[in-house]
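Below is the file coords-v9.txt, which contains compact mmCIF, C-alpha atoms and all ligand atoms.
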# COMPACT_ATOMS: atom_id res chain seq x y z
CA MET A 1 2.41 5.75 19.88
CA VAL A 2 5.36 6.70 17.63
CA ASN A 3 4.12 10.14 16.64
CA LYS A 4 4.98 9.72 12.94
CA VAL A 5 2.79 9.54 9.87
CA VAL A 6 3.93 7.00 7.28
CA VAL A 7 2.49 6.87 3.76
CA ILE A 8 3.04 3.55 1.95
CA THR A 9 2.27 3.18 -1.76
CA GLY A 10 1.43 -0.30 -3.01
CA ALA A 11 0.04 -1.25 0.40
CA SER A 12 -2.72 -3.50 -0.96
CA SER A 13 -0.50 -6.62 -1.09
CA GLY A 14 2.97 -8.05 -0.54
CA ILE A 15 5.70 -5.86 0.91
CA GLY A 16 3.58 -2.71 1.23
CA GLN A 17 0.84 -4.54 3.10
CA ALA A 18 3.39 -6.25 5.38
CA ALA A 19 5.02 -2.87 6.08
CA ALA A 20 1.64 -1.34 6.94
CA LEU A 21 0.85 -4.19 9.35
CA ARG A 22 4.26 -4.06 11.04
CA LEU A 23 4.47 -0.27 11.31
CA GLY A 24 0.84 -0.06 12.42
CA ALA A 25 1.57 -2.55 15.21
CA GLU A 26 4.66 -0.53 16.17
CA GLY A 27 2.50 2.56 16.68
CA TYR A 28 3.15 4.54 13.52
CA GLN A 29 0.13 6.26 11.98
CA VAL A 30 -0.14 4.47 8.65
CA VAL A 31 -1.68 5.64 5.38
CA LEU A 32 -2.15 2.72 3.02
CA ALA A 33 -2.30 3.78 -0.64
CA ALA A 34 -2.90 1.82 -3.86
CA ARG A 35 -5.67 1.24 -6.44
CA ARG A 36 -7.42 -1.81 -4.87
CA THR A 37 -9.19 0.02 -2.06
CA ASP A 38 -11.09 -3.06 -0.85
CA ARG A 39 -7.75 -4.66 0.03
CA LEU A 40 -6.50 -1.45 1.66
CA ASP A 41 -9.68 -1.12 3.72
CA GLU A 42 -9.32 -4.69 5.01
CA THR A 43 -5.73 -4.15 6.14
CA ALA A 44 -6.46 -0.73 7.65
CA ALA A 45 -9.39 -2.27 9.57
CA LYS A 46 -7.12 -5.01 10.93
CA ILE A 47 -4.53 -2.48 12.12
CA THR A 48 -7.24 -0.38 13.75
CA ALA A 49 -8.84 -3.44 15.40
CA ASP A 50 -5.44 -4.27 16.89
CA GLY A 51 -5.25 -0.81 18.46
CA GLY A 52 -3.30 1.04 15.76
CA THR A 53 -4.05 4.03 13.56
CA ALA A 54 -4.48 3.42 9.82
CA VAL A 55 -6.44 4.85 6.91
CA ALA A 56 -6.81 3.67 3.33
CA ARG A 57 -6.50 6.03 0.37
CA ALA A 58 -6.96 5.33 -3.34
CA VAL A 59 -4.02 6.34 -5.50
CA ASP A 60 -2.67 5.57 -8.94
CA VAL A 61 0.99 6.51 -8.70
CA THR A 62 1.22 6.99 -12.48
CA ASP A 63 -1.06 10.03 -12.10
CA ARG A 64 0.83 12.97 -10.63
CA ASP A 65 -2.33 14.83 -9.57
CA ASP A 66 -3.51 11.74 -7.71
CA VAL A 67 -0.27 11.54 -5.71
CA VAL A 68 -0.34 15.27 -4.93
CA ALA A 69 -3.95 14.90 -3.73
CA LEU A 70 -2.89 11.94 -1.55
CA VAL A 71 -0.10 13.87 0.16
CA ASP A 72 -2.12 17.08 0.53
CA GLY A 73 -5.01 15.07 1.99
CA VAL A 74 -2.75 13.35 4.52
CA VAL A 75 -1.22 16.67 5.59
CA GLY A 76 -4.72 18.13 5.98
CA GLU A 77 -5.88 15.17 8.07
CA PHE A 78 -2.79 14.31 10.13
CA GLY A 79 -0.82 17.58 10.05
CA SER A 80 2.32 16.09 8.47
CA VAL A 81 3.83 13.32 6.38
CA ASP A 82 6.93 12.06 8.16
CA VAL A 83 7.85 9.03 6.05
CA PHE A 84 6.95 8.36 2.41
CA VAL A 85 7.55 4.76 1.32
CA ASN A 86 7.72 4.56 -2.49
CA ASN A 87 6.92 0.87 -2.78
CA ALA A 88 4.35 0.46 -5.60
CA GLY A 89 5.83 -1.55 -8.46
CA VAL A 90 5.09 -3.96 -11.29
CA MET A 91 7.28 -6.65 -12.86
CA PRO A 92 5.87 -7.98 -16.17
CA LEU A 93 9.15 -9.63 -17.24
CA SER A 94 9.85 -10.66 -20.83
CA ARG A 95 12.68 -10.88 -23.34
CA LEU A 96 13.09 -7.69 -25.35
CA ASP A 97 12.43 -9.57 -28.60
CA ALA A 98 8.93 -10.42 -27.35
CA LEU A 99 8.26 -6.70 -27.98
CA LEU A 100 5.77 -6.29 -25.14
CA VAL A 101 6.21 -2.55 -25.42
CA ASP A 102 3.06 -1.68 -23.48
CA GLU A 103 4.43 -3.66 -20.53
CA TRP A 104 7.81 -1.85 -20.81
CA ASN A 105 5.90 1.42 -20.63
CA GLN A 106 3.88 0.21 -17.65
CA MET A 107 7.11 -0.53 -15.73
CA ILE A 108 8.49 2.89 -16.63
CA ASP A 109 5.22 4.55 -15.60
CA VAL A 110 4.83 2.79 -12.23
CA ASN A 111 8.40 2.02 -11.17
CA ILE A 112 10.05 5.27 -12.33
CA ARG A 113 7.38 7.92 -12.89
CA GLY A 114 5.44 6.71 -9.85
CA LEU A 115 8.56 7.09 -7.69
CA LEU A 116 9.20 10.58 -9.07
CA HIS A 117 5.57 11.56 -8.44
CA GLY A 118 5.95 10.47 -4.81
CA ILE A 119 9.09 12.57 -4.43
CA ALA A 120 7.56 15.58 -6.20
CA ALA A 121 4.46 15.51 -4.01
CA THR A 122 6.31 15.02 -0.72
CA LEU A 123 9.58 16.96 -1.01
CA PRO A 124 7.97 20.43 -0.68
CA GLN A 125 6.12 19.20 2.44
CA PHE A 126 9.33 17.77 3.98
CA LYS A 127 11.03 21.13 3.36
CA ALA A 128 8.09 23.09 4.80
CA GLN A 129 7.90 20.96 7.97
CA GLY A 130 11.69 20.79 8.44
CA GLY A 131 12.38 17.14 7.68
CA GLY A 132 11.17 13.73 6.66
CA HIS A 133 12.25 10.32 5.41
CA PHE A 134 11.98 8.84 1.92
CA VAL A 135 12.14 5.06 1.57
CA THR A 136 12.40 3.54 -1.91
CA VAL A 137 11.71 -0.15 -2.35
CA ALA A 138 14.02 -0.91 -5.27
CA SER A 139 15.19 -4.49 -5.93
CA ILE A 140 18.16 -6.76 -6.28
CA GLY A 141 17.38 -5.87 -9.91
CA ALA A 142 18.87 -2.45 -9.12
CA HIS A 143 22.21 -4.21 -8.66
CA GLU A 144 22.24 -6.91 -11.34
CA VAL A 145 20.54 -7.54 -14.68
CA VAL A 146 18.94 -10.86 -15.59
CA ALA A 147 17.60 -12.02 -18.96
CA THR A 148 13.88 -11.14 -19.30
CA GLY A 149 14.54 -8.36 -16.78
CA ALA A 150 16.10 -5.70 -19.01
CA VAL A 151 13.35 -3.13 -18.56
CA TYR A 152 12.43 -4.11 -14.99
CA CYS A 153 16.08 -3.96 -13.90
CA ALA A 154 16.50 -0.66 -15.79
CA SER A 155 13.53 0.74 -13.88
CA LYS A 156 15.10 -0.38 -10.61
CA TYR A 157 18.58 0.94 -11.52
CA ALA A 158 16.73 4.21 -12.18
CA ALA A 159 14.97 3.98 -8.82
CA TRP A 160 18.36 3.45 -7.17
CA ALA A 161 19.94 6.39 -9.04
CA ILE A 162 17.04 8.77 -8.37
CA THR A 163 17.07 7.90 -4.68
CA GLU A 164 20.86 8.30 -4.40
CA GLY A 165 20.63 11.66 -6.19
CA LEU A 166 17.90 12.70 -3.77
CA ARG A 167 20.15 11.74 -0.85
CA GLN A 168 23.05 13.81 -2.19
CA GLU A 169 20.86 16.86 -2.78
CA SER A 170 18.96 16.68 0.49
CA ASP A 171 19.40 18.77 3.57
CA PRO A 172 20.44 16.61 6.60
CA SER A 173 16.90 16.92 7.95
CA ILE A 174 15.74 14.65 5.12
CA ARG A 175 16.77 11.01 5.37
CA VAL A 176 16.84 8.75 2.31
CA THR A 177 16.84 4.96 2.23
CA THR A 178 16.89 2.44 -0.61
CA ILE A 179 15.86 -1.09 0.27
CA SER A 180 16.61 -3.78 -2.31
CA PRO A 181 14.79 -7.06 -1.77
CA GLY A 182 15.73 -10.39 -3.28
CA VAL A 183 12.94 -12.90 -3.88
CA VAL A 184 10.00 -12.17 -1.58
CA GLU A 185 6.58 -13.85 -1.36
CA SER A 186 4.04 -11.50 -2.95
CA GLU A 187 1.79 -11.07 -5.97
CA LEU A 188 4.56 -9.45 -8.03
CA ALA A 189 5.16 -12.33 -10.44
CA ASP A 190 1.42 -12.40 -11.25
CA THR A 191 2.01 -9.41 -13.54
CA ILE A 192 4.15 -11.56 -15.91
CA SER A 193 2.17 -12.34 -19.08
CA ASP A 194 5.03 -13.76 -21.16
CA PRO A 195 5.09 -17.62 -20.92
CA THR A 196 8.92 -17.87 -21.25
CA ALA A 197 9.48 -15.38 -18.44
CA GLN A 198 6.79 -17.07 -16.33
CA ALA A 199 8.59 -20.42 -16.64
CA ALA A 200 11.99 -18.87 -15.84
CA MET A 201 10.57 -17.10 -12.79
CA ARG A 202 9.06 -20.31 -11.37
CA SER A 203 12.55 -21.70 -10.77
CA TYR A 204 14.13 -18.29 -9.92
CA ARG A 205 11.45 -17.61 -7.34
CA ALA A 206 11.48 -21.14 -5.81
CA VAL A 207 13.41 -19.85 -2.78
CA SER A 208 11.76 -16.85 -1.15
CA ILE A 209 11.30 -15.06 2.16
CA PRO A 210 8.13 -13.53 3.66
CA ALA A 211 7.26 -9.92 2.86
CA ASP A 212 7.60 -9.12 6.57
CA ALA A 213 11.39 -9.56 6.22
CA ILE A 214 11.38 -6.41 4.09
CA ALA A 215 8.90 -4.69 6.40
CA ALA A 216 11.41 -5.31 9.22
CA ALA A 217 14.15 -3.59 7.18
CA ILE A 218 11.88 -0.59 6.57
CA SER A 219 11.07 -0.45 10.28
CA TYR A 220 14.79 -0.58 11.15
CA ALA A 221 15.66 2.26 8.77
CA ILE A 222 12.91 4.61 9.89
CA GLY A 223 13.30 3.72 13.56
CA GLN A 224 16.85 5.08 13.80
CA PRO A 225 17.56 8.39 15.58
CA ASP A 226 17.11 11.49 13.38
CA ASP A 227 20.87 11.89 12.83
CA VAL A 228 21.33 8.30 11.61
CA ASP A 229 20.64 7.91 7.89
CA VAL A 230 20.45 4.27 6.77
CA ASN A 231 21.00 4.64 3.04
CA GLU A 232 21.00 1.13 1.63
CA ILE A 233 19.85 -2.31 2.66
CA ILE A 234 19.88 -5.47 0.53
CA VAL A 235 17.77 -8.34 1.90
CA ARG A 236 17.93 -11.69 0.09
CA PRO A 237 16.75 -15.16 1.03
CA ALA A 238 19.77 -16.96 2.51
CA GLY A 239 19.31 -19.54 -0.27
CA GLN A 240 19.40 -17.02 -3.14
CA ARG A 241 22.66 -16.71 -5.11
N1 LIG A 301 8.48 -9.63 -4.31
C1 LIG A 301 9.74 -9.58 -4.71
O1 LIG A 301 10.38 -10.62 -4.92
C2 LIG A 301 10.40 -8.24 -4.91
C3 LIG A 301 11.78 -8.23 -5.09
C4 LIG A 301 12.40 -7.01 -5.30
C5 LIG A 301 11.69 -5.84 -5.31
N2 LIG A 301 10.34 -5.87 -5.13
C6 LIG A 301 9.61 -4.60 -5.20
O2 LIG A 301 8.77 -4.49 -4.07
C7 LIG A 301 7.70 -3.60 -4.37
C8 LIG A 301 6.40 -4.22 -3.88
O3 LIG A 301 6.13 -5.37 -4.65
P1 LIG A 301 5.55 -6.71 -4.03
O4 LIG A 301 6.57 -7.75 -4.20
O5 LIG A 301 4.97 -6.48 -2.71
O6 LIG A 301 4.42 -7.05 -5.13
P2 LIG A 301 2.83 -6.97 -5.11
O7 LIG A 301 2.27 -7.84 -4.07
O8 LIG A 301 2.41 -7.21 -6.53
O9 LIG A 301 2.55 -5.45 -4.72
C9 LIG A 301 2.69 -4.40 -5.65
C10 LIG A 301 1.90 -3.21 -5.14
O10 LIG A 301 2.04 -2.13 -6.08
C11 LIG A 301 0.77 -1.55 -6.26
N3 LIG A 301 0.66 -0.87 -7.55
C12 LIG A 301 0.91 -1.35 -8.78
N4 LIG A 301 0.63 -0.42 -9.72
C13 LIG A 301 0.20 0.68 -9.04
C14 LIG A 301 -0.25 1.96 -9.43
N5 LIG A 301 -0.31 2.33 -10.73
N6 LIG A 301 -0.61 2.85 -8.48
C15 LIG A 301 -0.57 2.50 -7.16
N7 LIG A 301 -0.15 1.30 -6.73
C16 LIG A 301 0.23 0.39 -7.67
C17 LIG A 301 -0.21 -2.70 -6.15
O11 LIG A 301 -1.48 -2.21 -5.72
P3 LIG A 301 -2.78 -2.04 -6.63
O12 LIG A 301 -2.70 -3.06 -7.73
O13 LIG A 301 -3.90 -2.26 -5.66
O14 LIG A 301 -2.73 -0.63 -7.12
C18 LIG A 301 0.41 -3.52 -5.02
O15 LIG A 301 -0.04 -3.05 -3.77
C19 LIG A 301 7.76 -3.35 -5.87
O16 LIG A 301 8.34 -2.10 -6.14
C20 LIG A 301 8.67 -4.46 -6.37
O17 LIG A 301 9.33 -4.13 -7.56
C21 LIG A 301 9.67 -7.05 -4.92

Please express what this file holds, its structure, as structure tokens.
Amino acid sequence: MVNKVVVITGASSGIGQAAALRLGAEGYQVVLAARRTDRLDETAAKITADGGTAVARAVDVTDRDDVVALVDGVVGEFGSVDVFVNNAGVMPLSRLDALLVDEWNQMIDVNIRGLLHGIAATLPQFKAQGGGHFVTVASIGAHEVVATGAVYCASKYAAWAITEGLRQESDPSIRVTTISPGVVESELADTISDPTAQAAMRSYRAVSIPADAIAAAISYAIGQPDDVDVNEIIVRPAGQR
């Protein structure tokens, strides 16, 4: 067993679920967190049945108290949190002139505030225990802006900037990684309600890679020796330009 406790937000589907399965199989002790607890329970049960250690915990990352309770609960149960993977995200794309302001706010709440809540809940624990590793799942949208993606890309540029700031401010005992996926098979595009953006995404997302490709990048980053800090990884489908 790799004696490390890894908390993954957004572990009920897609990249978070794939990361939980991979890390669970590699011997990490995995805490799967999201709102759909039935999905979390299923995945945790699979990891456990395969000989791993995994628990499912309900969390809404937009609620700071919820995230604090998650981290405090994990520390109480496992004794530490060694890796916190800020992965939960939503992507209801639309043109700005569609004025889907509630969806803009949802992206800000989950993709930016949710990330900050994860950092705020975990940073004091990392300092108290003398180290830890933050992993942010950002996006290729943290590196380029596409039409219909103004707010989503802004939220991911913010995720990139917050994570880079965290790296610069952190003691060497705290490692910080940003992973930026290209198009990955998941439920992410299901959050798009705008018909124009849905149509555009069907062709944009035609070439994709499995979520496990990103899980492998997370595993690589956290599996390095303590003095090796993998700060950035971009993983695209070979066919994505
Ligand atoms: N798939 C891609 O092409 C791609 C590309 C670049 C970046 N990403 C990023 O990868 C991350 C994972 O997305 P995915 O592709 O795996 O999509 P996904 O299958 O839709 O997974 C998103 C996860 O976020 C969770 N989530 C959403 N709102 C939440 C909230 N308020 N509180 C807690 N959890 C919440 C969802 O769980 P519940 O609904 O159960 O809460 C779900 O587990 C996101 O940050 C996304 O922006 C994905």

- Task: May I have the residues within 6 Å of ligand LIG 301 (chain A), computed using only C-alpha atoms and all ligand atoms, as number ranges by chain?
- Result: A: 9-16, 34-36, 59-62, 87-90, 110, 137-140, 181-188

- Message: Residues near Val228 (chain A), anyone? I mean within 12 Å using all atoms listed in the file, not counting same-chain ones fewer than 5 positions away, as a VMD selection string.
- Response: chain A and resid 133 172 to 177 220 to 223

- Item | Selected residue, from A:Ser170, A:Thr37, A:Gln198, A:Thr53, that lies nearest to Phe126 (chain A) when counting all atoms listed in the file | A:Ser170

- Item | Long-range neighbours of Ile8 (chain A) as number ranges by chain, 12 Å cut-off, all atoms listed in the file, 4 positions minimum in chain | A: 12-24, 28-34, 40, 44, 54-59, 61, 67, 70-71, 74, 81-89, 115, 118, 133-137, 215, 218

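Take the candidates A:Glu42, A:Glu164, A:Glu144, A:Asp109 and check each one against Arg64 (chain A) using only C-alpha atoms; the shortest distance goes to A:Asp109.
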
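Our summary of the geometry notes that CA of Gln129 (chain A) is positioned 21.5 Å from CA of Asp66 (chain A).
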
- Message: Report as a PyMOL selection string all protein, DNA and RNA residues lying within 7 Å of Gly52 (chain A), evaluated on only C-alpha atoms, omitting residues in the same chain fewer than 4 positions from it.
- Response: chain A and resi 24-25+27+47-48

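CA of Val5 (chain A) lies 17.0 Å from CA of Ala45 (chain A).
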
Find the spatial neighbours of Leu116 (chain A), counting all atoms listed in the file, within a cut-off of 9 Å - ignore same-chain residues fewer than 5 positions away - and output them as a PDB file with C-alpha atoms, in the coordinates of the input.
ATOM      1  CA  ARG A  64       0.830  12.970 -10.630  1.00  0.00           C
ATOM      2  CA  ASN A 111       8.400   2.020 -11.170  1.00  0.00           C
ATOM      3  CA  ALA A 121       4.460  15.510  -4.010  1.00  0.00           C
ATOM      4  CA  ALA A 159      14.970   3.980  -8.820  1.00  0.00           C
ATOM      5  CA  ILE A 162      17.040   8.770  -8.370  1.00  0.00           C
TER       6      ILE A 162
END
